[in-house]
Amino acid sequence: MRKHILVILAYSLFGLILMAPVLPYVDQAIPGGAVAAIDGWQHVWHVWWVHYAFAQGMHPLFTPLLYYPEGVDLALHPLNLSNGLLVWPVTALAGPLAGFNAAVLLALTLAGLAAFWFARQLGAQPGVAFVAGLIFTWSPYHMTKVWDGQLELIAVQWLPLYALFLLRTVTRPGYRDPLLAALFLALIGYTSLYYLLFIAIYSLAFALLALVAPGGLMLDGAQLAAARAGRGPTMPVQHPQLFGRAILTGRMLLVGALALALLFPLLWPVLAPMLDGPRESAGQIQRDAFLVSRSANLLDPFLPSNLHPIWGPTVQALGQRWHPDIAAWNVALGYTTLALASLGTFVAWRTAWRWFCLAVLGLLFAFGPVLTVGEFATGLPMPYLLLLNIPGLGIAQRPGHFVIITSLALIPLTAYGLTWLTTLLTVRHGPRAAYASLFLVTALVAVEYVTPPLPLQRSDVPPVYQDLATQPGALLVLPVRQDSFSLRAQLVHQRPILGGYLARNPPNRWAERRPAIRQLWRMEPEPDRLLASGDQGPMILDIYGIRQVLVHWDQVPPQAHTTVAAALNQALPGLEPALTTTTYSLYHIPVTQQQPFGYFAEGWYPEEQVGERSWRWMSEEGVLALVNPSSEPAMIQVQMQAESYQVARQVQLLLNAQALGTWQVPAQPAHAATTLRLVVPPGEHNLYLRAPADDDPRYNGPLSIVLTRIEVGLSP
């Protein structure tokens with residue numbers, strides 16, 4: 001127990017040294033470079049949201065606070081739920097920035113400790129296991145993720161813990177180890193879908209190796225005793241096979257089944273739509289420069305770390321030539337690490353070859369769909385291509401991250417190399433020589449892996465958001481930015497917003513369809529006379545619960561200021577800002593007398609105008625949305641006038657799924673009018689118009705009828 005406490009303190013000290021720049025500002029800033037200025041704040045929001053969701057009794061995998069009012073599913077988003085829960089008490093007491101910093105510090109400490117336990121399970125002595133753990137948590141890949149603020153990728157600690165208990169599952173009887181392996185596999189999934197995919201491939205390969213050659217998965221005391229007795233550090237003894245192949249298969253399937261049960265709430269919303277939808281062919285994705293540039297090339301693992309204060313800039317310049325426009329390409333393994341792993345593979349081959357295969361497997365997948373060498377594409381297909389033919393795995397668009405599997409497999413290989421070295425020195429020169437070698441190896445690793453002090457990222461949220469924190473309703477912030485600023489601001493005001501920032505931003509069809517909101521969202525006016533919102537703009541925002549519109553003029557290009565002002569005048573006619581400065585204007589949406597209204601939804605071409613005339617063409621089906629904002633059914637009147645393209649057409653009319661009859665529309669230039677009086681329940685409902693259509697080359701699509709007049713309102 002005393003040794004474990006010392007090990008924990010040592011890894012904690014390493015983490016504290018690395019995090020030293022942020023410790024005085026633990027609740028005011030986060031560590032990291034340029035990427036962390038975006039991704040880091042996204043993960044601070046994750047920490048905050050997990051705490052907020054559980055405190056409010058909400059489902060953590062769905063948030064109503066982004067993409068208001070529909071909300072958005074977070075299953076495909078790198079929410080890393082496990083990190084949020086791990087630091088929940090810190091977040092509750094000191095805020096999300098302190099929670100984020102605590103999660104990073106815990107990951108640095110626990111990653112080393114988990115690797116230490118894994119190496120110990122493999123037969124390594126405490127000193128050797130400590131160095132192996134330090135190599136794992138200090139790896140350039142891990143440090144790069146710390147610099148980038150990508151919390152779900154920083155939290156690598158669950159991988160060696162899972163590998164440890166998976167190893168025990170196939171070498172020890174009982175059910176505790178399979179249960180713990182399943183638990184840690186589920187924790188990996190709730191941390192990162194990337195890591196879940198990677199460890200699934202690791203598990204399949206591990207299972208095949210265990211079934212094909214079950215013995216020799218770890219060193220044991222007999223090997224070390226033989227070396228100490230002077231018979232040479234050749235490590236010939238294999239660990240005995242404890243189970244037959246049928247039992248091994250059953251135990252590993254048990255781990256997978258239990259983990260799937262625990263992961264079901266996460267995986268079902270991820271896989272269900274993917275299994276039904278189309279997927280890209282492997283050939284299409286193989287040619288995608290985006291994917292290839294995010295793959296490691298053959299030379300990347302053997303470069304020095306680009307974070308090094310001396311040679312890092314040179315390596316960085318080289319890497320940017322090979323991987324333009326991305327930051328996540330540092331997969332350096334380290335020369336001391338590679339030397340120890342090579343030594344371990346050679347001297348303990350009968351045991352080490354399985355781990356060597358797993359290390360190579362990680363690199364093969366990290367090379368992406370085709371092998372590149374520097375800037376030269378060989379065209380040689382790689383195993384990663386196999387993933388692109390499996391439904392749901394097209395999301396794995398960071399092949400280079402597969403190097404974490406190599407780092408995991410290097411734990412036993414470096415432990416074997418260090419075990420051989422320290423045992424040899426102990427036999428020939430005594431224990432002090434062995435301790436000196438461990439110190440020397442640690443120093444060499446430190447020289448290779450050292451990074452400059454971490455820079456700090458502070459929030460740049462204007463004080464106006466603090467004033468908005470106590471007010472009800474949703475907030476529309478313009479311009480709608482594609483970065484984490486909206487999340488940083490939401491940490492302060494904690495109100496629903498239209499839009500947001502996700503790893504995979506969905507199209508906001510809700511905002512794109514609603515009048516007034518649409519003009520604000522696009523920040524440009526549009527022809528709007530046929531079914532004009534007119535002075536209804538404030539009422540429409542009021543109906544949907546949008547209480548403020550905040551325009552950051554300093555974030556709008558100067559040449560666009562006139563257009564944005566025109567959009568504001570169209571959507572919010574006559575409404576003056578409640579507060580305006582040189583950098584922003586704040587509009588309060590008044591409480592209005594709400595009336596039913598309608599708007600064009602799907603199936604309509606843009607409005608056209610000539611003089612005082614306005615019209616809109618329809619394709620085969622046009623949808624008119626009817627909105628009843630009251631809590632009771634309302635009689636809504638819809639008056640329409642239309643002409644038909646080339647020939648007379650019969651238009652079918654439906655309210656939701658209820659048929660209303662037909663409307664005969666004559667060919668142009670004749671026209672027909674109709675009046676519908678509909679009992680519309682509260683909320684939004686669709687009025688469908690369906691008619692045969694013919695292609696027109698001017699519109700590059702089908703035309704059926706053209707609406708020349710429409711009015712929607714309460715029936716008199």
# chains A, B, ... in the order shown; residues from 1 in each chain; ligands from 1
$ residues_around --residues "region 94-99 of chain A" --least-positions-apart "5" --cutoff "6 Å" --atoms "only C-alpha atoms" --output "PDB file with N, CA, C and O atoms, in the first residue's frame"
ATOM      1  N   VAL A  26      -7.101  28.425 -11.474  1.00  0.00           N
ATOM      2  CA  VAL A  26      -7.772  27.162 -11.768  1.00  0.00           C
ATOM      3  C   VAL A  26      -9.248  27.333 -12.104  1.00  0.00           C
ATOM      4  O   VAL A  26      -9.820  26.522 -12.840  1.00  0.00           O
ATOM      5  N   ASP A  27      -9.889  28.402 -11.614  1.00  0.00           N
ATOM      6  CA  ASP A  27     -11.300  28.643 -11.918  1.00  0.00           C
ATOM      7  C   ASP A  27     -11.494  29.836 -12.847  1.00  0.00           C
ATOM      8  O   ASP A  27     -12.613  30.332 -13.011  1.00  0.00           O
ATOM      9  N   VAL A  44     -15.024  22.469 -21.736  1.00  0.00           N
ATOM     10  CA  VAL A  44     -15.492  23.109 -20.501  1.00  0.00           C
ATOM     11  C   VAL A  44     -17.020  23.101 -20.474  1.00  0.00           C
ATOM     12  O   VAL A  44     -17.644  22.830 -19.439  1.00  0.00           O
ATOM     13  N   VAL A  47     -18.276  19.696 -19.418  1.00  0.00           N
ATOM     14  CA  VAL A  47     -18.214  19.515 -17.969  1.00  0.00           C
ATOM     15  C   VAL A  47     -19.386  20.239 -17.303  1.00  0.00           C
ATOM     16  O   VAL A  47     -20.046  19.701 -16.402  1.00  0.00           O
ATOM     17  N   TRP A  48     -19.639  21.477 -17.756  1.00  0.00           N
ATOM     18  CA  TRP A  48     -20.747  22.250 -17.190  1.00  0.00           C
ATOM     19  C   TRP A  48     -22.086  21.580 -17.486  1.00  0.00           C
ATOM     20  O   TRP A  48     -22.942  21.472 -16.601  1.00  0.00           O
ATOM     21  N   VAL A  87     -15.625  14.654 -12.257  1.00  0.00           N
ATOM     22  CA  VAL A  87     -15.293  15.921 -11.582  1.00  0.00           C
ATOM     23  C   VAL A  87     -16.556  16.675 -11.166  1.00  0.00           C
ATOM     24  O   VAL A  87     -16.500  17.876 -10.905  1.00  0.00           O
TER      25      VAL A  87
END
$ residues_around --residues "region 336-348 of chain A" --least-positions-apart "5" --cutoff "7 Å" --atoms "only C-alpha atoms" --output "JSON list (two decimals) with C-alpha atoms, in the first residue's frame"
[["chain", "number", "residue", "atom", "x", "y", "z"],
["A", 234, "THR", "CA", 16.54, -14.70, -21.78],
["A", 235, "MET", "CA", 13.02, -15.02, -20.28],
["A", 353, "TRP", "CA", 5.32, -11.12, -30.01],
["A", 356, "PHE", "CA", 4.31, -6.47, -30.80],
["A", 410, "LEU", "CA", 4.16, -0.41, -25.79],
["A", 413, "LEU", "CA", 7.09, -4.08, -24.50],
["A", 414, "THR", "CA", 8.91, -1.28, -22.64],
["A", 416, "TYR", "CA", 9.99, -6.26, -20.89],
["A", 417, "GLY", "CA", 12.95, -4.23, -22.13],
["A", 418, "LEU", "CA", 13.43, -2.51, -18.78],
["A", 444, "LEU", "CA", 16.24, 10.35, -21.36],
["A", 445, "VAL", "CA", 12.46, 10.17, -21.69]]
$ closest_residue --among "A:Val35, A:Val447, A:Leu586, A:Ala155" --to "Thr191 (chain A)" --atoms "only C-alpha atoms"
A:Ala155
$ residues_around --residues "Ile705 (chain A)" --least-positions-apart "3" --cutoff "12 Å" --atoms "only C-alpha atoms" --output "ChimeraX atom specification"
/A:603-605,615-622,640-652,663-672,689-694,702,708
$ closest_residue --among "A:Cys357, A:Ile30, A:Ala560, A:Val331" --to "Tyr202 (chain A)" --atoms "only C-alpha atoms"
A:Cys357
$ residues_around --residues "region 139-153 of chain A" --least-positions-apart "2" --cutoff "8 Å" --atoms "only C-alpha atoms" --output "VMD selection string"
chain A and resid 31 to 37 39 to 41 43 78 to 80 83 100 103 to 104 135 to 137 155 to 156 191 to 192 195 305 307 328 330 to 334 403 to 404 407 449 454
$ atom_distance --atom1 "CA of His308 (chain A)" --atom2 "CA of His401 (chain A)"
19.8 Å
$ select_by_dssp --residues "region 241-364 of chain A" --states "alpha helix (DSSP H)" --output "PyMOL selection string"
chain A and resi 245-276+282-286+289-293+312-322+335-347+349-364
$ closest_residue --among "A:Tyr52, A:Tyr544, A:Tyr162, A:Trp355" --to "Gly473 (chain A)" --atoms "only C-alpha atoms"
A:Tyr544
$ residues_around --residues "region 566-574 of chain A" --least-positions-apart "2" --cutoff "7 Å" --atoms "only C-alpha atoms" --output "compact mmCIF listing (two decimals) with C-alpha atoms, in the first residue's frame"
# COMPACT_ATOMS: atom_id res chain seq x y z
CA ALA A 516 -38.37 37.00 -39.23
CA GLN A 519 -33.82 36.87 -41.91
CA LEU A 520 -32.01 37.32 -38.60
CA MET A 523 -28.40 38.30 -41.48
CA GLU A 524 -29.90 39.49 -44.75
CA PRO A 525 -33.33 40.76 -45.83
CA ASP A 535 -44.95 43.93 -38.37
CA GLY A 537 -41.70 39.86 -36.61
CA PRO A 538 -41.64 40.71 -32.89
CA THR A 562 -25.78 47.77 -43.95
CA THR A 563 -27.20 44.38 -44.94
CA VAL A 564 -27.49 43.25 -41.32
CA GLU A 576 -35.15 50.12 -31.25
$ residues_around --residues "Val480 (chain A)" --least-positions-apart "3" --cutoff "10 Å" --atoms "only C-alpha atoms" --output "PyMOL selection string"
chain A and resi 476-477+483+485-486+498-501+520-523+551-552+555
$ write_last_selection --atoms "N, CA and C atoms" --output "short mmCIF file (atom, residue, chain, number, x, y, z; two decimals), in the first residue's frame"
data_model
loop_
_atom_site.label_atom_id
_atom_site.label_comp_id
_atom_site.auth_asym_id
_atom_site.auth_seq_id
_atom_site.Cartn_x
_atom_site.Cartn_y
_atom_site.Cartn_z
N LEU A 476 -31.08 34.87 -29.09
CA LEU A 476 -30.56 34.77 -30.45
C LEU A 476 -29.37 35.71 -30.56
N VAL A 477 -28.18 35.14 -30.78
CA VAL A 477 -26.95 35.92 -30.86
C VAL A 477 -26.49 35.94 -32.31
N ASP A 483 -17.79 28.51 -33.95
CA ASP A 483 -16.72 28.21 -33.01
C ASP A 483 -17.34 28.14 -31.62
N PHE A 485 -17.41 30.17 -29.16
CA PHE A 485 -17.78 31.39 -28.44
C PHE A 485 -19.17 31.28 -27.84
N SER A 486 -20.11 30.71 -28.60
CA SER A 486 -21.48 30.59 -28.09
C SER A 486 -21.53 29.73 -26.84
N LEU A 498 -30.32 29.78 -30.03
CA LEU A 498 -30.54 29.24 -31.36
C LEU A 498 -29.17 28.94 -31.96
N GLY A 499 -28.93 27.72 -32.32
CA GLY A 499 -27.61 27.34 -32.80
C GLY A 499 -26.75 26.82 -31.66
N GLY A 500 -25.45 26.89 -31.86
CA GLY A 500 -24.50 26.36 -30.91
C GLY A 500 -23.27 25.89 -31.64
N TYR A 501 -22.45 25.11 -30.96
CA TYR A 501 -21.22 24.61 -31.58
C TYR A 501 -21.03 23.17 -31.18
N LEU A 520 -33.02 37.06 -39.62
CA LEU A 520 -32.01 37.32 -38.60
C LEU A 520 -30.91 36.26 -38.65
N TRP A 521 -31.31 35.01 -38.80
CA TRP A 521 -30.34 33.92 -38.82
C TRP A 521 -29.36 34.08 -39.98
N ARG A 522 -29.90 34.45 -41.16
CA ARG A 522 -29.05 34.63 -42.34
C ARG A 522 -28.39 36.00 -42.37
N MET A 523 -28.88 36.92 -41.55
CA MET A 523 -28.40 38.30 -41.48
C MET A 523 -28.51 39.00 -42.84
N VAL A 551 -26.71 41.52 -31.16
CA VAL A 551 -25.91 41.63 -32.38
C VAL A 551 -24.51 42.12 -32.00
N HIS A 552 -23.49 41.32 -32.29
CA HIS A 552 -22.10 41.73 -32.06
C HIS A 552 -21.58 42.39 -33.34
N GLN A 555 -18.13 41.61 -34.66
CA GLN A 555 -17.91 40.32 -35.29
C GLN A 555 -18.53 40.25 -36.69
#
$ decode --residues "region 683-702 of chain A" --atoms "N, CA, C and O atoms" --output "compact mmCIF listing (two decimals), in the first residue's frame"
# COMPACT_ATOMS: atom_id res chain seq x y z
N GLY A 683 -50.50 24.93 -31.59
CA GLY A 683 -49.20 24.49 -32.11
C GLY A 683 -49.09 24.67 -33.61
O GLY A 683 -49.87 25.41 -34.23
N GLU A 684 -48.11 23.99 -34.21
CA GLU A 684 -47.84 24.10 -35.64
C GLU A 684 -48.44 22.91 -36.38
O GLU A 684 -48.34 21.77 -35.93
N HIS A 685 -49.02 23.20 -37.55
CA HIS A 685 -49.64 22.15 -38.36
C HIS A 685 -49.33 22.44 -39.83
O HIS A 685 -49.08 23.60 -40.21
N ASN A 686 -49.38 21.41 -40.65
CA ASN A 686 -49.00 21.54 -42.05
C ASN A 686 -50.21 21.43 -42.96
O ASN A 686 -51.00 20.49 -42.87
N LEU A 687 -50.34 22.42 -43.85
CA LEU A 687 -51.33 22.38 -44.93
C LEU A 687 -50.59 21.97 -46.20
O LEU A 687 -49.71 22.69 -46.67
N TYR A 688 -50.90 20.78 -46.72
CA TYR A 688 -50.22 20.23 -47.89
C TYR A 688 -51.00 20.57 -49.16
O TYR A 688 -52.23 20.41 -49.22
N LEU A 689 -50.30 21.02 -50.21
CA LEU A 689 -50.83 21.21 -51.54
C LEU A 689 -50.06 20.28 -52.47
O LEU A 689 -48.82 20.38 -52.56
N ARG A 690 -50.77 19.37 -53.14
CA ARG A 690 -50.11 18.39 -54.01
C ARG A 690 -50.72 18.46 -55.40
O ARG A 690 -51.95 18.45 -55.54
N ALA A 691 -49.85 18.50 -56.42
CA ALA A 691 -50.32 18.60 -57.80
C ALA A 691 -49.28 18.00 -58.73
O ALA A 691 -48.08 17.99 -58.42
N PRO A 692 -49.70 17.48 -59.90
CA PRO A 692 -48.72 17.01 -60.89
C PRO A 692 -47.82 18.16 -61.31
O PRO A 692 -48.23 19.33 -61.35
N ALA A 693 -46.58 17.86 -61.67
CA ALA A 693 -45.60 18.89 -62.01
C ALA A 693 -44.83 18.49 -63.26
O ALA A 693 -44.71 17.30 -63.59
N ASP A 694 -44.31 19.49 -63.96
CA ASP A 694 -43.48 19.29 -65.14
C ASP A 694 -42.18 20.07 -64.96
O ASP A 694 -42.16 21.17 -64.38
N ASP A 695 -41.10 19.51 -65.49
CA ASP A 695 -39.80 20.17 -65.37
C ASP A 695 -39.75 21.44 -66.21
O ASP A 695 -40.30 21.50 -67.32
N ASP A 696 -39.08 22.43 -65.66
CA ASP A 696 -38.86 23.69 -66.36
C ASP A 696 -37.38 24.02 -66.27
O ASP A 696 -36.85 24.17 -65.16
N PRO A 697 -36.69 24.16 -67.41
CA PRO A 697 -35.23 24.39 -67.37
C PRO A 697 -34.87 25.72 -66.72
O PRO A 697 -33.77 25.86 -66.18
N ARG A 698 -35.77 26.69 -66.72
CA ARG A 698 -35.45 27.98 -66.10
C ARG A 698 -35.28 27.85 -64.59
O ARG A 698 -34.52 28.59 -63.98
N TYR A 699 -36.01 26.93 -63.99
CA TYR A 699 -35.97 26.75 -62.54
C TYR A 699 -35.16 25.51 -62.14
O TYR A 699 -35.01 25.22 -60.95
N ASN A 700 -34.70 24.78 -63.16
CA ASN A 700 -33.91 23.58 -62.89
C ASN A 700 -34.64 22.64 -61.94
O ASN A 700 -34.07 22.09 -60.99
N GLY A 701 -35.96 22.47 -62.17
CA GLY A 701 -36.76 21.61 -61.33
C GLY A 701 -38.20 21.59 -61.79
O GLY A 701 -38.58 22.28 -62.75
N PRO A 702 -39.06 20.83 -61.09
CA PRO A 702 -40.46 20.70 -61.50
C PRO A 702 -41.30 21.88 -61.03
O PRO A 702 -41.09 22.43 -59.94
